[in-house]
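> As input, take data26.txt (compact mmCIF, C-alpha atoms):
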```
# COMPACT_ATOMS: atom_id res chain seq x y z
CA MET A 3 -113.99 -122.89 3.99
CA LYS A 4 -113.63 -119.16 3.37
CA ILE A 5 -113.85 -116.20 5.72
CA SER A 6 -115.58 -112.82 5.50
CA GLU A 7 -114.01 -109.99 3.61
CA ILE A 8 -111.94 -107.94 6.03
CA ALA A 9 -112.27 -104.15 6.26
CA PRO A 10 -109.08 -102.09 6.75
CA GLY A 11 -110.63 -100.05 9.52
CA SER A 12 -113.80 -98.88 11.17
CA ARG A 13 -114.99 -95.51 12.35
CA VAL A 14 -117.73 -93.82 14.31
CA LEU A 15 -120.04 -92.42 11.63
CA ALA A 16 -122.41 -90.48 13.88
CA LEU A 17 -123.47 -89.92 17.49
CA GLY A 18 -126.77 -89.32 19.24
CA HIS A 19 -127.99 -88.85 22.79
CA TYR A 20 -131.04 -88.57 24.96
CA GLN A 21 -131.70 -87.32 28.48
CA PRO A 22 -134.99 -87.45 30.39
CA ALA A 23 -136.68 -84.06 30.69
CA ASN A 24 -136.82 -84.07 34.49
CA VAL A 25 -133.94 -82.03 35.99
CA VAL A 26 -133.09 -82.71 39.65
CA THR A 27 -130.88 -80.03 41.21
CA ASN A 28 -128.73 -80.35 44.31
CA ASP A 29 -131.19 -78.08 46.11
CA ASP A 30 -133.98 -80.51 45.21
CA LEU A 31 -132.02 -83.34 46.83
CA ALA A 32 -131.26 -81.23 49.92
CA LYS A 33 -135.01 -81.10 50.60
CA THR A 34 -135.19 -84.88 51.12
CA MET A 35 -131.77 -85.84 52.51
CA ASP A 36 -128.95 -84.45 54.64
CA THR A 37 -126.85 -82.85 51.91
CA ASN A 38 -126.36 -79.48 50.23
CA ASP A 39 -125.22 -77.91 46.97
CA GLU A 40 -121.75 -76.97 48.23
CA TRP A 41 -121.08 -80.48 49.60
CA ILE A 42 -122.13 -82.20 46.38
CA GLN A 43 -120.28 -79.81 44.06
CA SER A 44 -117.05 -79.98 46.07
CA ARG A 45 -117.09 -83.80 46.34
CA VAL A 46 -118.31 -84.90 42.92
CA GLY A 47 -118.72 -81.75 40.81
CA ILE A 48 -122.39 -82.28 39.98
CA LYS A 49 -124.84 -79.36 39.87
CA GLU A 50 -127.84 -81.17 38.43
CA ARG A 51 -128.81 -84.49 36.91
CA ARG A 52 -131.66 -86.01 34.90
CA VAL A 53 -133.98 -88.62 36.35
CA ALA A 54 -136.47 -90.55 34.24
CA PRO A 55 -140.03 -91.02 35.49
CA ASP A 56 -141.45 -94.51 36.09
CA SER A 57 -143.15 -94.32 32.71
CA GLU A 58 -139.84 -93.94 30.85
CA SER A 59 -137.78 -97.13 30.56
CA LEU A 60 -134.13 -97.74 29.81
CA GLU A 61 -135.19 -99.19 26.46
CA ASP A 62 -137.16 -95.98 25.71
CA MET A 63 -134.07 -93.83 26.29
CA ALA A 64 -131.83 -96.22 24.31
CA THR A 65 -134.24 -96.19 21.39
CA ILE A 66 -134.34 -92.39 21.17
CA ALA A 67 -130.54 -92.02 21.40
CA GLY A 68 -130.02 -94.85 18.91
CA GLY A 69 -132.57 -93.37 16.52
CA LYS A 70 -130.83 -89.99 16.62
CA ALA A 71 -127.42 -91.53 15.89
CA LEU A 72 -128.89 -93.56 13.05
CA ALA A 73 -130.58 -90.49 11.56
CA ALA A 74 -127.35 -88.47 11.86
CA SER A 75 -125.42 -91.22 10.07
CA GLY A 76 -127.66 -90.99 7.01
CA LEU A 77 -128.03 -94.78 7.01
CA SER A 78 -131.35 -96.57 6.92
CA PRO A 79 -132.33 -99.18 9.52
CA ASP A 80 -131.82 -101.83 6.85
CA ASP A 81 -128.11 -101.00 6.74
CA VAL A 82 -127.57 -102.02 10.39
CA ASP A 83 -126.87 -105.67 11.07
CA LEU A 84 -125.65 -105.61 14.68
CA VAL A 85 -127.00 -103.77 17.75
CA ILE A 86 -125.12 -103.71 21.04
CA VAL A 87 -126.49 -102.07 24.17
CA ALA A 88 -124.05 -101.43 27.02
CA THR A 89 -125.94 -101.29 30.30
CA CYS A 90 -125.86 -102.52 33.88
CA THR A 91 -129.25 -101.27 35.09
CA LEU A 92 -131.80 -103.15 33.01
CA GLU A 93 -134.93 -103.78 35.13
CA SER A 94 -135.40 -107.28 33.69
CA GLN A 95 -132.58 -109.65 32.79
CA ILE A 96 -134.68 -111.35 30.10
CA PRO A 97 -135.04 -110.32 27.32
CA ASN A 98 -132.04 -108.12 26.57
CA ALA A 99 -132.46 -104.46 25.65
CA SER A 100 -130.74 -104.62 22.26
CA ALA A 101 -133.33 -106.79 20.46
CA ILE A 102 -136.18 -104.60 21.73
CA VAL A 103 -134.42 -101.39 20.73
CA ALA A 104 -133.54 -102.79 17.29
CA HIS A 105 -137.14 -103.82 16.70
CA ARG A 106 -138.47 -100.40 17.72
CA LEU A 107 -136.04 -98.72 15.34
CA GLY A 108 -137.15 -100.92 12.46
CA ILE A 109 -133.81 -102.71 12.22
CA LYS A 110 -134.69 -106.10 10.76
CA ALA A 111 -133.22 -109.18 12.45
CA PRO A 112 -129.80 -107.82 13.46
CA GLY A 113 -127.40 -109.56 15.79
CA ALA A 114 -128.40 -108.17 19.17
CA PHE A 115 -126.74 -108.46 22.55
CA ASP A 116 -126.15 -106.43 25.71
CA VAL A 117 -122.77 -105.82 27.32
CA ASN A 118 -122.33 -105.43 31.07
CA ALA A 119 -119.00 -103.86 31.87
CA ALA A 120 -120.70 -101.23 34.03
CA CYS A 121 -119.33 -97.73 33.46
CA ALA A 122 -116.72 -99.11 31.04
CA GLY A 123 -119.47 -100.76 28.98
CA PHE A 124 -119.58 -98.31 26.08
CA CYS A 125 -115.84 -98.66 25.40
CA TYR A 126 -116.14 -102.46 25.53
CA ALA A 127 -119.11 -102.36 23.15
CA LEU A 128 -117.35 -99.95 20.79
CA ALA A 129 -114.27 -102.18 20.70
CA THR A 130 -116.49 -105.16 19.92
CA ALA A 131 -118.22 -103.20 17.14
CA ASP A 132 -114.86 -102.16 15.68
CA THR A 133 -113.69 -105.77 15.65
CA ALA A 134 -116.94 -107.03 14.13
CA VAL A 135 -116.80 -104.50 11.29
CA ARG A 136 -113.13 -105.11 10.53
CA ALA A 137 -113.56 -108.89 10.65
CA GLY A 138 -116.58 -108.72 8.39
CA SER A 139 -119.08 -110.17 10.85
CA ALA A 140 -121.09 -106.93 10.69
CA LYS A 141 -121.32 -104.07 8.21
CA HIS A 142 -122.84 -101.35 10.38
CA VAL A 143 -123.20 -101.53 14.15
CA LEU A 144 -125.43 -99.45 16.39
CA VAL A 145 -123.71 -99.13 19.79
CA ILE A 146 -125.77 -97.67 22.62
CA GLY A 147 -124.93 -96.92 26.24
CA ALA A 148 -128.11 -96.56 28.27
CA GLU A 149 -128.75 -96.49 31.99
CA LYS A 150 -131.59 -95.95 34.38
CA LEU A 151 -129.53 -95.83 37.57
CA SER A 152 -132.33 -94.03 39.41
CA GLN A 153 -134.16 -97.34 39.84
CA TRP A 154 -131.13 -98.95 41.54
CA VAL A 155 -130.26 -96.09 43.89
CA ASN A 156 -131.48 -95.74 47.46
CA TRP A 157 -132.95 -92.23 47.44
CA THR A 158 -132.25 -91.85 51.16
CA ASP A 159 -128.52 -92.66 50.79
CA ARG A 160 -126.71 -89.39 50.18
CA ALA A 161 -123.46 -91.19 49.30
CA THR A 162 -124.97 -92.54 46.07
CA ALA A 163 -128.22 -90.68 45.36
CA VAL A 164 -126.41 -87.44 44.62
CA ILE A 165 -124.13 -89.10 42.05
CA PHE A 166 -126.09 -91.38 39.75
CA ALA A 167 -128.50 -90.43 36.97
CA ASP A 168 -130.30 -91.54 33.81
CA GLY A 169 -129.58 -91.08 30.12
CA ALA A 170 -128.43 -92.65 26.87
CA GLY A 171 -125.83 -92.08 24.17
CA ALA A 172 -125.27 -93.90 20.90
CA ALA A 173 -122.81 -94.31 18.05
CA VAL A 174 -123.10 -95.83 14.59
CA VAL A 175 -119.95 -97.71 13.57
CA GLY A 176 -119.16 -98.62 9.96
CA PRO A 177 -116.28 -99.64 7.69
CA SER A 178 -113.54 -97.20 6.76
CA ASP A 179 -110.51 -97.18 4.50
CA THR A 180 -108.50 -95.56 7.27
CA PRO A 181 -108.72 -96.44 10.96
CA GLY A 182 -111.09 -94.26 12.97
CA ILE A 183 -111.21 -96.41 16.11
CA GLY A 184 -107.87 -97.22 17.70
CA PRO A 185 -106.87 -100.40 19.54
CA VAL A 186 -108.69 -100.85 22.83
CA VAL A 187 -106.77 -101.20 26.08
CA TRP A 188 -109.07 -103.08 28.42
CA GLY A 189 -108.80 -104.95 31.66
CA SER A 190 -110.30 -105.59 35.06
CA ALA A 191 -109.48 -105.76 38.77
CA GLY A 192 -111.75 -108.44 40.20
CA ASP A 193 -110.01 -108.25 43.56
CA LYS A 194 -112.00 -105.04 44.01
CA ALA A 195 -115.32 -106.53 42.88
CA ASP A 196 -117.03 -105.47 46.12
CA ALA A 197 -116.13 -101.81 45.69
CA ILE A 198 -119.18 -101.08 43.51
CA ARG A 199 -122.04 -103.55 43.66
CA ILE A 200 -125.73 -104.27 43.79
CA GLN A 201 -125.72 -107.24 46.14
CA ASP A 202 -129.03 -108.78 45.08
CA ARG A 203 -132.42 -107.81 43.72
CA THR A 204 -133.65 -106.52 47.07
CA THR A 205 -130.77 -104.06 47.60
CA PHE A 206 -129.48 -100.86 46.06
CA LEU A 207 -126.23 -99.78 44.48
CA HIS A 208 -123.40 -99.55 47.01
CA GLN A 209 -120.03 -97.89 46.42
CA GLU A 210 -116.84 -97.81 48.51
CA GLY A 211 -116.08 -94.23 47.56
CA GLN A 212 -112.51 -93.98 48.83
CA THR A 213 -111.44 -97.31 47.30
CA VAL A 214 -112.85 -96.38 43.91
CA PHE A 215 -111.39 -92.87 44.08
CA ARG A 216 -107.91 -94.18 44.93
CA TRP A 217 -108.03 -96.75 42.13
CA ALA A 218 -109.40 -94.32 39.56
CA THR A 219 -106.88 -91.58 40.33
CA THR A 220 -103.85 -93.89 40.32
CA ALA A 221 -104.49 -96.94 38.08
CA LEU A 222 -106.15 -95.37 35.04
CA TYR A 223 -103.83 -92.79 33.58
CA PRO A 224 -101.35 -95.50 32.52
CA VAL A 225 -104.28 -97.12 30.67
CA ALA A 226 -105.04 -93.79 29.00
CA LEU A 227 -101.40 -93.38 27.96
CA GLU A 228 -101.25 -96.93 26.61
CA ALA A 229 -104.42 -96.40 24.56
CA CYS A 230 -102.73 -93.36 22.98
CA SER A 231 -99.49 -95.26 22.47
CA ARG A 232 -101.20 -98.23 20.77
CA ALA A 233 -103.00 -95.85 18.43
CA GLY A 234 -99.74 -94.07 17.64
CA VAL A 235 -101.15 -90.80 18.96
CA ASP A 236 -99.28 -88.39 21.24
CA PRO A 237 -101.59 -87.10 24.02
CA ALA A 238 -100.63 -83.58 22.88
CA GLU A 239 -102.40 -84.34 19.56
CA LEU A 240 -105.74 -85.10 21.22
CA SER A 241 -108.50 -82.57 20.67
CA ALA A 242 -110.75 -84.12 23.33
CA PHE A 243 -110.46 -86.29 26.43
CA VAL A 244 -113.77 -87.90 27.28
CA PRO A 245 -113.45 -90.13 30.35
CA HIS A 246 -116.40 -91.77 32.04
CA GLN A 247 -118.21 -89.03 33.94
CA ALA A 248 -117.76 -90.56 37.38
CA ASN A 249 -116.62 -87.64 39.50
CA LEU A 250 -115.17 -84.32 38.38
CA ARG A 251 -112.22 -84.72 40.73
CA ILE A 252 -111.33 -88.09 39.16
CA ILE A 253 -111.71 -86.61 35.67
CA GLU A 254 -109.45 -83.67 36.48
CA ALA A 255 -106.87 -85.85 38.27
CA ILE A 256 -106.48 -88.13 35.23
CA ALA A 257 -106.50 -85.18 32.81
CA ARG A 258 -103.69 -83.43 34.76
CA LYS A 259 -101.45 -86.49 34.44
CA LEU A 260 -102.26 -87.15 30.80
CA GLY A 261 -100.51 -84.13 29.31
CA ALA A 262 -103.21 -83.61 26.70
CA ASP A 263 -102.70 -79.87 26.70
CA LYS A 264 -104.85 -79.07 23.65
CA ALA A 265 -107.68 -81.41 24.54
CA VAL A 266 -111.09 -80.24 25.64
CA VAL A 267 -111.84 -82.27 28.78
CA ALA A 268 -115.42 -83.48 29.07
CA ARG A 269 -117.17 -82.05 32.13
CA ASP A 270 -120.63 -83.28 31.26
CA ILE A 271 -121.06 -84.68 34.76
CA VAL A 272 -121.77 -81.14 36.00
CA ASN A 273 -125.18 -81.15 34.33
CA ALA A 274 -125.75 -84.85 33.57
CA GLY A 275 -124.54 -86.67 36.70
CA ASN A 276 -122.95 -90.10 36.50
CA THR A 277 -124.83 -92.12 33.88
CA SER A 278 -122.48 -95.13 33.86
CA ALA A 279 -122.26 -96.76 30.39
CA ALA A 280 -124.15 -93.84 28.84
CA SER A 281 -121.81 -91.12 30.04
CA ILE A 282 -119.11 -91.21 27.34
CA PRO A 283 -121.33 -91.15 24.22
CA LEU A 284 -123.70 -88.74 26.00
CA ALA A 285 -120.85 -86.36 26.81
CA LEU A 286 -119.19 -86.55 23.40
CA SER A 287 -122.47 -86.16 21.52
CA ARG A 288 -123.38 -83.12 23.60
CA MET A 289 -119.90 -81.61 23.14
CA LEU A 290 -120.22 -82.06 19.37
CA GLU A 291 -123.71 -80.56 19.40
CA ARG A 292 -122.47 -77.50 21.32
CA GLY A 293 -119.52 -77.09 18.96
CA GLU A 294 -116.92 -77.69 21.69
CA VAL A 295 -115.16 -80.33 19.60
CA ARG A 296 -114.71 -80.52 15.85
CA SER A 297 -115.42 -83.35 13.48
CA GLY A 298 -112.21 -85.12 12.43
CA GLY A 299 -110.38 -84.41 15.70
CA LEU A 300 -109.04 -87.22 17.85
CA ALA A 301 -110.70 -88.04 21.16
CA LEU A 302 -109.45 -90.36 23.88
CA ILE A 303 -112.34 -92.14 25.56
CA LEU A 304 -111.80 -94.00 28.83
CA GLY A 305 -114.44 -96.04 30.64
CA PHE A 306 -114.03 -97.41 34.17
CA GLY A 307 -116.29 -98.72 36.87
CA ALA A 308 -117.80 -101.72 38.62
CA GLY A 309 -115.99 -105.01 38.22
CA LEU A 310 -113.75 -103.21 38.50
CA THR A 311 -113.46 -102.89 34.73
CA TYR A 312 -111.79 -100.41 32.44
CA ALA A 313 -111.31 -99.79 28.72
CA GLY A 314 -110.00 -96.95 26.61
CA GLN A 315 -109.33 -96.15 22.99
CA VAL A 316 -108.63 -93.23 20.68
CA ILE A 317 -111.37 -92.43 18.19
CA GLU A 318 -111.83 -89.93 15.40
CA ILE A 319 -114.75 -87.62 16.20
CA PRO A 320 -117.48 -88.04 13.53
CA MET B 22 -81.72 -93.35 57.34
CA ALA B 23 -85.39 -92.84 58.01
CA ALA B 24 -86.77 -89.31 57.77
CA SER B 25 -87.14 -87.44 61.05
CA GLU B 26 -90.56 -86.38 62.33
CA GLN B 27 -89.76 -82.79 61.37
CA GLU B 28 -88.84 -83.84 57.83
CA ILE B 29 -92.04 -85.86 57.49
CA LEU B 30 -94.07 -82.94 58.82
CA GLU B 31 -92.53 -80.60 56.26
CA GLY B 32 -93.09 -83.10 53.45
CA LEU B 33 -96.68 -83.63 54.55
CA GLY B 34 -97.27 -79.88 54.71
CA LYS B 35 -96.03 -79.54 51.14
CA ILE B 36 -98.27 -82.39 49.94
CA ILE B 37 -101.34 -80.98 51.70
CA ASN B 38 -100.62 -77.54 50.27
CA GLU B 39 -100.40 -78.93 46.72
CA ILE B 40 -103.63 -80.91 47.05
CA THR B 41 -105.81 -78.52 49.06
CA GLY B 42 -104.16 -75.10 48.86
CA ILE B 43 -103.91 -74.93 52.67
CA PRO B 44 -100.66 -73.15 53.70
CA ALA B 45 -98.02 -75.71 54.71
CA SER B 46 -97.40 -73.72 57.89
CA ASP B 47 -100.96 -74.51 59.03
CA VAL B 48 -100.15 -78.23 58.98
CA THR B 49 -99.06 -78.79 62.56
CA PRO B 50 -99.22 -82.04 64.57
CA GLU B 51 -102.27 -81.20 66.70
CA LYS B 52 -104.51 -80.29 63.74
CA ASN B 53 -107.52 -82.47 63.00
CA PHE B 54 -107.93 -82.97 59.25
CA VAL B 55 -111.70 -82.60 59.19
CA ASP B 56 -112.40 -80.18 62.05
CA ASP B 57 -109.36 -77.88 61.79
CA LEU B 58 -108.21 -78.12 58.17
CA ASP B 59 -111.58 -78.87 56.48
CA ILE B 60 -110.06 -81.67 54.39
CA ASP B 61 -112.62 -84.11 52.96
CA SER B 62 -112.35 -87.89 52.60
CA LEU B 63 -111.38 -87.79 48.92
CA SER B 64 -108.58 -85.30 49.54
CA MET B 65 -107.39 -87.61 52.33
CA VAL B 66 -107.06 -90.38 49.71
CA GLU B 67 -105.04 -88.06 47.47
CA ILE B 68 -102.82 -87.11 50.44
CA ALA B 69 -102.33 -90.81 51.32
CA VAL B 70 -101.34 -91.63 47.73
CA ALA B 71 -98.90 -88.70 47.57
CA ALA B 72 -97.48 -89.63 50.99
CA GLN B 73 -96.89 -93.17 49.79
CA ASP B 74 -94.92 -91.83 46.81
CA GLU B 75 -92.95 -89.48 49.06
CA PHE B 76 -92.27 -91.67 52.09
CA GLY B 77 -92.72 -95.21 50.71
CA VAL B 78 -95.34 -96.12 53.32
CA GLU B 79 -98.71 -97.36 52.12
CA ILE B 80 -101.73 -96.06 54.03
CA PRO B 81 -104.63 -98.42 53.14
CA ASP B 82 -108.20 -97.05 53.11
CA ASP B 83 -109.20 -99.07 56.19
CA GLN B 84 -106.30 -97.47 58.14
CA LEU B 85 -106.81 -94.03 56.64
CA LYS B 86 -110.15 -93.50 58.35
CA ASN B 87 -108.46 -93.91 61.75
CA LEU B 88 -105.91 -91.18 61.08
CA LYS B 89 -107.72 -88.13 62.44
CA THR B 90 -104.86 -85.72 63.11
CA VAL B 91 -101.59 -84.74 61.48
CA LYS B 92 -99.82 -86.41 64.44
CA ASP B 93 -101.65 -89.69 63.66
CA VAL B 94 -100.22 -89.64 60.13
CA LEU B 95 -96.71 -88.79 61.37
CA THR B 96 -96.88 -91.72 63.78
CA PHE B 97 -98.23 -94.09 61.10
CA ILE B 98 -95.46 -93.18 58.64
CA GLN B 99 -92.75 -93.58 61.27
CA ALA B 100 -94.09 -96.88 62.64
```
Before we go any further, please render this structure as structure tokens.


Amino acid sequence: MKISEIAPGSRVLALGHYQPANVVTNDDLAKTMDTNDEWIQSRVGIKERRVAPDSESLEDMATIAGGKALAASGLSPDDVDLVIVATCTLESQIPNASAIVAHRLGIKAPGAFDVNAACAGFCYALATADTAVRAGSAKHVLVIGAEKLSQWVNWTDRATAVIFADGAGAAVVGPSDTPGIGPVVWGSAGDKADAIRIQDRTTFLHQEGQTVFRWATTALYPVALEACSRAGVDPAELSAFVPHQANLRIIEAIARKLGADKAVVARDIVNAGNTSAASIPLALSRMLERGEVRSGGLALILGFGAGLTYAGQVIEIP
Amino acid sequence: MAASEQEILEGLGKIINEITGIPASDVTPEKNFVDDLDIDSLSMVEIAVAAQDEFGVEIPDDQLKNLKTVKDVLTFIQA
């Protein structure tokens, strides 16, 4: 028996993103529920979010984001042999989203699976893509985070409706002579499984806000530091910190403790809301598009959410 | 020796000032966190975490919601 040729490293070759056109402001929400702009901004930091119409599916958003990343990479669909979609809000459990998205993009017969690690899903999927490329089980991987949280939120529950949103972000991962994706630090806290959940198919997303906030502001910065340490990167060297866009106060609390003084901290939640597995690639792709981060810089990404699950790694910005 | 109520009050005032910007001198036992100090539920979590580091007493979330006034927290920490 022989094994696949091993690549010395992998890297993110390109990013892409997509948001639905429909903008929902805090004032819009205040018309239908007991909330207001000041309350929402002070609690979670969100000014507006995007919500997809019924006619726009999670797979639609994933396909557009994935297509943009693929186009930006300069690769053809034939070059991609693995597609991973990170999501926790697929309307139907069967089939998965990844095979549909791959087919729509003209990617012929790739390995295709979905990952559910909730808001940490993109980091899990990226780590899996990195491993697959380095081990030789895939040459080029399309990794997509896509969510349509609007269909799992109770639009009369102000505790959740003001937070969650729709969108997609994608990355193309390929082989590299030098490492461009650092070792992942991942884990879970199943003792807090009830803190964020959709109980069954007749109910909506529920979140124990204080429990999640306490966990996120105390348990995650050691994970962030360890991800830097395993990659051999001092936080002071980071040019960007892109945590899951859960809540601006969580983002800022982790950033304060990290000591990444030169890093641009992603604040995409302000205009995009919390898009779960989509939020990290969506934020980073938008930051790159706006010129807030430069290609070749190092970014720490850190996903965390339902499970509870978490994962973080240092990546080189494409 | 355990901290006195006055020492805990001063420590709590400092914590609340750091987290919310409210002057420590405004943090007096009779004050209600929500009605008098305008402190929201997430800031209360941050205060509980900081108080645990400072005083070594864990205030779980299910207890935290019952602590309405500064005096309630002083009593909880001393208990």

> Sort by chain and increasing residue number a table of all residues of chain B within 12 Å of chain A, each with its closest pair of atoms and their distance in Å to one decimal, counting all atoms listed in the file, and write it as JSON lines.


```
{"residue": "B:Ile40", "atom": "CA", "partner": "A:Ala255", "partner_atom": "CA", "distance": 10.6}
{"residue": "B:Thr41", "atom": "CA", "partner": "A:Ser44", "partner_atom": "CA", "distance": 11.7}
{"residue": "B:Asp59", "atom": "CA", "partner": "A:Ser44", "partner_atom": "CA", "distance": 11.8}
{"residue": "B:Ile60", "atom": "CA", "partner": "A:Arg45", "partner_atom": "CA", "distance": 10.9}
{"residue": "B:Asp61", "atom": "CA", "partner": "A:Arg45", "partner_atom": "CA", "distance": 8.0}
{"residue": "B:Ser62", "atom": "CA", "partner": "A:Gln212", "partner_atom": "CA", "distance": 7.2}
{"residue": "B:Leu63", "atom": "CA", "partner": "A:Gln212", "partner_atom": "CA", "distance": 6.3}
{"residue": "B:Ser64", "atom": "CA", "partner": "A:Arg45", "partner_atom": "CA", "distance": 9.2}
{"residue": "B:Met65", "atom": "CA", "partner": "A:Gln212", "partner_atom": "CA", "distance": 8.9}
{"residue": "B:Val66", "atom": "CA", "partner": "A:Arg216", "partner_atom": "CA", "distance": 6.2}
{"residue": "B:Glu67", "atom": "CA", "partner": "A:Arg216", "partner_atom": "CA", "distance": 7.2}
{"residue": "B:Ile68", "atom": "CA", "partner": "A:Arg216", "partner_atom": "CA", "distance": 10.3}
{"residue": "B:Ala69", "atom": "CA", "partner": "A:Arg216", "partner_atom": "CA", "distance": 9.1}
{"residue": "B:Val70", "atom": "CA", "partner": "A:Arg216", "partner_atom": "CA", "distance": 7.6}
{"residue": "B:Ala71", "atom": "CA", "partner": "A:Thr220", "partner_atom": "CA", "distance": 10.2}
{"residue": "B:Gln73", "atom": "CA", "partner": "A:Thr220", "partner_atom": "CA", "distance": 11.8}
{"residue": "B:Asp74", "atom": "CA", "partner": "A:Thr220", "partner_atom": "CA", "distance": 11.2}
{"residue": "B:Ile80", "atom": "CA", "partner": "A:Arg216", "partner_atom": "CA", "distance": 11.2}
{"residue": "B:Pro81", "atom": "CA", "partner": "A:Thr213", "partner_atom": "CA", "distance": 9.0}
{"residue": "B:Asp82", "atom": "CA", "partner": "A:Thr213", "partner_atom": "CA", "distance": 6.7}
{"residue": "B:Asp83", "atom": "CA", "partner": "A:Thr213", "partner_atom": "CA", "distance": 9.3}
{"residue": "B:Gln84", "atom": "CA", "partner": "A:Gln212", "partner_atom": "CA", "distance": 11.7}
{"residue": "B:Leu85", "atom": "CA", "partner": "A:Gln212", "partner_atom": "CA", "distance": 9.7}
{"residue": "B:Lys86", "atom": "CA", "partner": "A:Gln212", "partner_atom": "CA", "distance": 9.8}
```

> Work out how far atom CA of Ala280 of chain A is from atom CA of Ala170 of chain A, in Å to one decimal.

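Between atom CA of Ala170 of chain A and atom CA of Ala280 of chain A the gap works out to 4.9 Å.
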
> One number please: atom CA of Val135 of chain A to atom CA of Ala172 of chain A, in Å, one decimal.

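These two atoms are separated by 16.6 Å.
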
> May I have the residues within 6 Å of segment 178-194 of chain A as a count of residues only, using all atoms listed in the file and disregarding those fewer than 5 positions away in the same chain?

16

> So that I can check the surroundings of segment 112-126 of chain A, please list as a PyMOL selection string every protein, DNA and RNA residue that reaches within 7 Å of it, counting all atoms listed in the file and ignoring chain neighbours fewer than 2 positions away.

chain A and resi 82-90+98-101+109-110+128-130+147+246+278-280+305-308+311-314

> Report, in Å to a single decimal, how far apart atom CA of Ala148 of chain A and atom CA of Thr162 of chain A are.

18.5 Å

> Pull the neighbourhood of (-108.7, -82.9, 65.9) for me: all residues within 9 Å in file coordinates, counting all atoms listed in the file, as a list in words.

Glu51, Lys52, Asn53, Phe54, Val55, Asp56, Asp57, Lys89, Thr90 and Val91 of chain B

> Grab the residues selected above and save them as an mmCIF file, keeping the file's coordinate frame with C-alpha atoms.


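What follows is the written file result36.cif:
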```
data_model
loop_
_atom_site.group_PDB
_atom_site.id
_atom_site.type_symbol
_atom_site.label_atom_id
_atom_site.label_comp_id
_atom_site.auth_asym_id
_atom_site.auth_seq_id
_atom_site.Cartn_x
_atom_site.Cartn_y
_atom_site.Cartn_z
ATOM 1 C CA GLU B 51 -102.270 -81.200 66.700
ATOM 2 C CA LYS B 52 -104.510 -80.290 63.740
ATOM 3 C CA ASN B 53 -107.520 -82.470 63.000
ATOM 4 C CA PHE B 54 -107.930 -82.970 59.250
ATOM 5 C CA VAL B 55 -111.700 -82.600 59.190
ATOM 6 C CA ASP B 56 -112.400 -80.180 62.050
ATOM 7 C CA ASP B 57 -109.360 -77.880 61.790
ATOM 8 C CA LYS B 89 -107.720 -88.130 62.440
ATOM 9 C CA THR B 90 -104.860 -85.720 63.110
ATOM 10 C CA VAL B 91 -101.590 -84.740 61.480
#
```

> Could you tell me which of B:Asn38, B:Glu75, B:Ile43, B:Glu26 comes closest to Leu95 of chain B if we count all atoms listed in the file?

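For Leu95 of chain B, the nearest of the candidates is B:Glu26.
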
> Can you pull out the residues contacting Leu31 of chain A? Cut-off 9 Å, using all atoms listed in the file, and skip same-chain residues under 5 positions away; I want them as a list in words.

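The residues satisfying every condition are Val26, Asp36, Thr37, Asn38, Asp39, Trp157, Arg160, Ala163 and Val164 of chain A.
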